[in-house]
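Q: I'd like to ask some things about the structure below.
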Amino acid sequence: MKILMVFTSHDTLGDTGRKTGFWLEEGAAPYYVFRDAGIDLTLASPKGGQPPVDPKSDLPENQTPAMARFKEDPEAQKVFAHTKLLKDMRSEEFDAVFYPGGHGPMWDLAEDQDSITLIEAFYNAGKPVAAVCHAPGVLHRVTYKGAPIVKGKRVTGFTNTEEEEVQLTKVVPFLVEDELTRLGGLYEKRGNWESFAITDGRLITGQNPASSTAGAQHLVKLLTSGHASTAA
């Protein structure tokens with residue numbers, strides 16, 4: 001079984017002068033969920049190489065067991081440092097695609113035509129698409145049968161109140177909760193920073209960094225249940 005993980009290459013937090021990227025927990029935790037399940041992983045990003053890590057995600061108060069494991073794992077660090085070019089990835093070579101969040105994807109992957117085309121190719125082929133935290137925002141230009149991919153689907157993603165809490169509502173290009181709702185998604189959420197993931201057909205979304213393990217587990221469950229290709 002093969003999963004493609006797609007990371008951001010964007011490292012600038014709007015015009016704040018601060019750095020961003022992917023949230024380390026959202027890369028590390030799913031990586032180990034997949035690897036421990038015996039899944040063959042490929043990592044990619046628009047620019048290839050080392051995707052930028054949001055420095056805030058590595059602050060002492062944000063440390064997690066998966067991050068601690070990652071920091072003691074030179075092999076994993078090497079994999080992350082050498083992501084392949086997104087434009088070279090083909091849906092035919094994988095069983096599913098997973099997008100970790102962080103604020104970075106809001107700027108590059110949300111508008112990246114290679115990413116949009118790739119997600120549509122996976123979904124049109126009956127393969128699962130998963131995204132957590134801010135990464136459901138990468139779906140906002142993705143369509144399926146002429147309509148937004150999220151239309152009529154139960155979805156979640158970083159909440160407006162979570163964005164308010166980190167004081168970035170005026171910085172991000174759009175609010176994930178508002179955008180998923182605008183596109184016709186049946187948006188659901190739990191309390192700020194609670195773990196929450198949804199599987200609806202072959203679309204999987206997670207609310208926040210704490211949901212990255214659950215989102216990855218949902219994807220493994222869908223793939224191993226044998227129902228991934230038949231899910232609507």
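Ligands are numbered from 1 in the order shown, chains are lettered A, B, ... in the order of the structure tokens, and residues start at 1 in each chain.
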Would you mind listing what lies within 6 Å of segment 35-50 of chain A as a ChimeraX atom specification, with only C-alpha atoms counted and same-chain residues fewer than 6 positions away left out?
A: /A:1-9,81-86
Q: Store the residues picked out above in a file with all heavy atoms, as a short mmCIF file (atom, residue, chain, number, x, y, z; two decimals), in the first residue's frame.
A:
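Everything below was put into again_16.cif:
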data_model
loop_
_atom_site.label_atom_id
_atom_site.label_comp_id
_atom_site.auth_asym_id
_atom_site.auth_seq_id
_atom_site.Cartn_x
_atom_site.Cartn_y
_atom_site.Cartn_z
N MET A 1 0.84 -1.19 0.00
CA MET A 1 0.00 0.00 0.00
C MET A 1 0.88 1.25 0.00
O MET A 1 1.88 1.31 0.71
CB MET A 1 -0.90 -0.02 1.23
CG MET A 1 -2.08 0.92 1.15
SD MET A 1 -3.21 0.66 2.52
CE MET A 1 -3.74 -1.01 2.19
N LYS A 2 0.50 2.24 -0.79
CA LYS A 2 1.34 3.43 -0.95
C LYS A 2 0.53 4.71 -0.72
O LYS A 2 -0.57 4.86 -1.28
CB LYS A 2 1.95 3.46 -2.36
CG LYS A 2 2.88 2.30 -2.65
CD LYS A 2 3.48 2.41 -4.05
CE LYS A 2 4.45 1.28 -4.32
NZ LYS A 2 5.07 1.38 -5.67
N ILE A 3 1.09 5.60 0.10
CA ILE A 3 0.45 6.90 0.37
C ILE A 3 1.43 8.00 -0.01
O ILE A 3 2.62 7.93 0.29
CB ILE A 3 0.03 7.03 1.84
CG1 ILE A 3 -1.14 6.10 2.14
CG2 ILE A 3 -0.35 8.48 2.17
CD1 ILE A 3 -1.59 6.14 3.61
N LEU A 4 0.90 9.03 -0.65
CA LEU A 4 1.66 10.23 -0.95
C LEU A 4 1.31 11.30 0.09
O LEU A 4 0.14 11.60 0.30
CB LEU A 4 1.31 10.74 -2.36
CG LEU A 4 1.92 12.09 -2.77
CD1 LEU A 4 3.43 11.99 -2.86
CD2 LEU A 4 1.33 12.55 -4.10
N MET A 5 2.33 11.86 0.76
CA MET A 5 2.13 12.99 1.66
C MET A 5 2.63 14.25 0.96
O MET A 5 3.76 14.28 0.47
CB MET A 5 2.89 12.79 2.97
CG MET A 5 2.38 11.63 3.81
SD MET A 5 3.30 11.42 5.37
CE MET A 5 2.75 12.87 6.30
N VAL A 6 1.78 15.28 0.91
CA VAL A 6 2.13 16.51 0.20
C VAL A 6 2.30 17.65 1.19
O VAL A 6 1.36 17.99 1.93
CB VAL A 6 1.05 16.87 -0.84
CG1 VAL A 6 1.42 18.18 -1.55
CG2 VAL A 6 0.89 15.74 -1.86
N PHE A 7 3.50 18.23 1.19
CA PHE A 7 3.85 19.31 2.11
C PHE A 7 3.93 20.66 1.40
O PHE A 7 4.19 20.72 0.20
CB PHE A 7 5.21 19.01 2.75
CG PHE A 7 5.20 17.89 3.74
CD1 PHE A 7 5.20 16.57 3.31
CD2 PHE A 7 5.18 18.14 5.11
CE1 PHE A 7 5.19 15.52 4.23
CE2 PHE A 7 5.17 17.11 6.03
CZ PHE A 7 5.17 15.79 5.59
N THR A 8 3.77 21.71 2.16
CA THR A 8 3.95 23.07 1.65
C THR A 8 5.42 23.38 1.42
O THR A 8 6.30 22.79 2.06
CB THR A 8 3.36 24.10 2.64
OG1 THR A 8 3.51 25.43 2.10
CG2 THR A 8 4.07 24.04 3.98
N SER A 9 5.69 24.32 0.53
CA SER A 9 7.03 24.88 0.37
C SER A 9 7.06 26.35 0.76
O SER A 9 8.08 27.02 0.62
CB SER A 9 7.50 24.74 -1.09
OG SER A 9 7.73 23.40 -1.44
N ALA A 81 13.76 15.69 4.57
CA ALA A 81 14.68 16.65 3.96
C ALA A 81 14.79 16.51 2.45
O ALA A 81 15.33 17.39 1.77
CB ALA A 81 16.08 16.51 4.58
N HIS A 82 14.26 15.41 1.91
CA HIS A 82 14.41 15.15 0.48
C HIS A 82 13.05 14.85 -0.18
O HIS A 82 12.90 13.86 -0.90
CB HIS A 82 15.37 13.98 0.25
CG HIS A 82 16.76 14.26 0.70
ND1 HIS A 82 17.20 14.01 1.98
CD2 HIS A 82 17.83 14.80 0.03
CE1 HIS A 82 18.47 14.37 2.09
NE2 HIS A 82 18.87 14.84 0.93
N THR A 83 12.08 15.72 0.07
CA THR A 83 10.78 15.51 -0.60
C THR A 83 10.95 15.64 -2.10
O THR A 83 11.80 16.39 -2.60
CB THR A 83 9.73 16.53 -0.12
OG1 THR A 83 10.11 17.86 -0.54
CG2 THR A 83 9.57 16.50 1.39
N LYS A 84 10.13 14.90 -2.82
CA LYS A 84 10.17 14.92 -4.28
C LYS A 84 9.36 16.11 -4.80
O LYS A 84 8.60 16.73 -4.07
CB LYS A 84 9.61 13.60 -4.83
CG LYS A 84 10.42 12.38 -4.39
CD LYS A 84 9.85 11.11 -4.99
CE LYS A 84 10.62 9.88 -4.53
NZ LYS A 84 12.05 9.93 -4.90
N LEU A 85 9.53 16.40 -6.07
CA LEU A 85 8.79 17.51 -6.68
C LEU A 85 7.33 17.12 -6.89
O LEU A 85 7.03 16.07 -7.48
CB LEU A 85 9.41 17.90 -8.00
CG LEU A 85 10.71 18.71 -7.93
CD1 LEU A 85 11.33 18.82 -9.32
CD2 LEU A 85 10.45 20.09 -7.35
N LEU A 86 6.44 17.96 -6.43
CA LEU A 86 5.01 17.70 -6.56
C LEU A 86 4.59 17.50 -8.01
O LEU A 86 3.77 16.63 -8.32
CB LEU A 86 4.22 18.86 -5.93
CG LEU A 86 2.70 18.77 -5.99
CD1 LEU A 86 2.19 17.53 -5.27
CD2 LEU A 86 2.07 20.02 -5.39
#
Q: Using DSSP on the backbone coordinates, identify all residues within chain A classified as strand (DSSP E or B); present the result as a count of residues only.
A: 43
Q: Identify, on the basis of only C-alpha atoms, every residue whose closest approach to Gly206 of chain A does not exceed 6 Å; exclude the query and any residue fewer than 5 positions from it along the same chain; express the result as a ChimeraX atom specification.
A: /A:132-133,156-157,196-197,211,215
Q: So which residues of segment 96-187 of chain A fall under alpha helix (DSSP H) by DSSP, listed as a list in words?
A: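 Filtering segment 96-187 of chain A to alpha helix (DSSP H) leaves Gln113, Asp114, Ser115, Ile116, Thr117, Leu118, Ile119, Glu120, Ala121, Phe122, Tyr123, Asn124, Asn160, Thr161, Glu162, Glu163, Glu164, Glu165, Val176, Glu177, Asp178, Glu179, Leu180, Thr181 and Arg182 of chain A.
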Q: Next, dump the selected residues to file, keeping only C-alpha atoms, as a CSV table (one decimal), in the first residue's frame.
A:
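Result file again20.csv:
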chain,number,residue,atom,x,y,z
A,113,GLN,CA,-2.4,23.8,-10.2
A,114,ASP,CA,-0.3,20.7,-9.8
A,115,SER,CA,-1.9,20.1,-6.4
A,116,ILE,CA,-5.4,20.8,-7.6
A,117,THR,CA,-5.0,18.5,-10.6
A,118,LEU,CA,-3.5,15.8,-8.5
A,119,ILE,CA,-6.3,15.8,-5.9
A,120,GLU,CA,-8.8,15.6,-8.7
A,121,ALA,CA,-7.0,12.7,-10.3
A,122,PHE,CA,-7.0,10.8,-7.0
A,123,TYR,CA,-10.6,11.5,-6.3
A,124,ASN,CA,-11.8,10.7,-9.9
A,160,ASN,CA,-12.5,30.5,13.0
A,161,THR,CA,-12.1,30.6,16.8
A,162,GLU,CA,-8.8,28.7,16.7
A,163,GLU,CA,-7.6,31.2,14.1
A,164,GLU,CA,-8.8,34.0,16.3
A,165,GLU,CA,-6.9,32.5,19.2
A,176,VAL,CA,-10.8,27.5,6.4
A,177,GLU,CA,-14.1,27.2,8.3
A,178,ASP,CA,-15.8,30.0,6.3
A,179,GLU,CA,-14.4,28.7,2.9
A,180,LEU,CA,-15.5,25.1,3.4
A,181,THR,CA,-19.0,26.4,4.4
A,182,ARG,CA,-19.1,28.8,1.4
Q: Write out as a short mmCIF file (atom, residue, chain, number, x, y, z; two decimals) with C-alpha atoms, in the first residue's frame the residues lying within 7 Å of Asp54 of chain A, counting only C-alpha atoms and excluding same-chain residues fewer than 6 positions away.
A:
data_model
loop_
_atom_site.label_atom_id
_atom_site.label_comp_id
_atom_site.auth_asym_id
_atom_site.auth_seq_id
_atom_site.Cartn_x
_atom_site.Cartn_y
_atom_site.Cartn_z
CA LYS A 19 8.08 32.50 9.18
CA THR A 20 5.60 29.68 8.62
CA GLY A 21 5.52 26.29 6.89
CA PHE A 22 4.06 22.95 7.87
CA TRP A 23 3.17 22.16 11.48
#
Q: If I take atom CA of Ala28 of chain A and atom CA of Val97 of chain A, how far is one from the other in Å, to one decimal?
A: 15.6 Å
Q: Could you tell me how far atom CA of Ala110 of chain A lies from atom CA of Tyr144 of chain A, in Å and to one decimal?
A: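 Going from atom CA of Ala110 of chain A over to atom CA of Tyr144 of chain A covers 16.0 Å.
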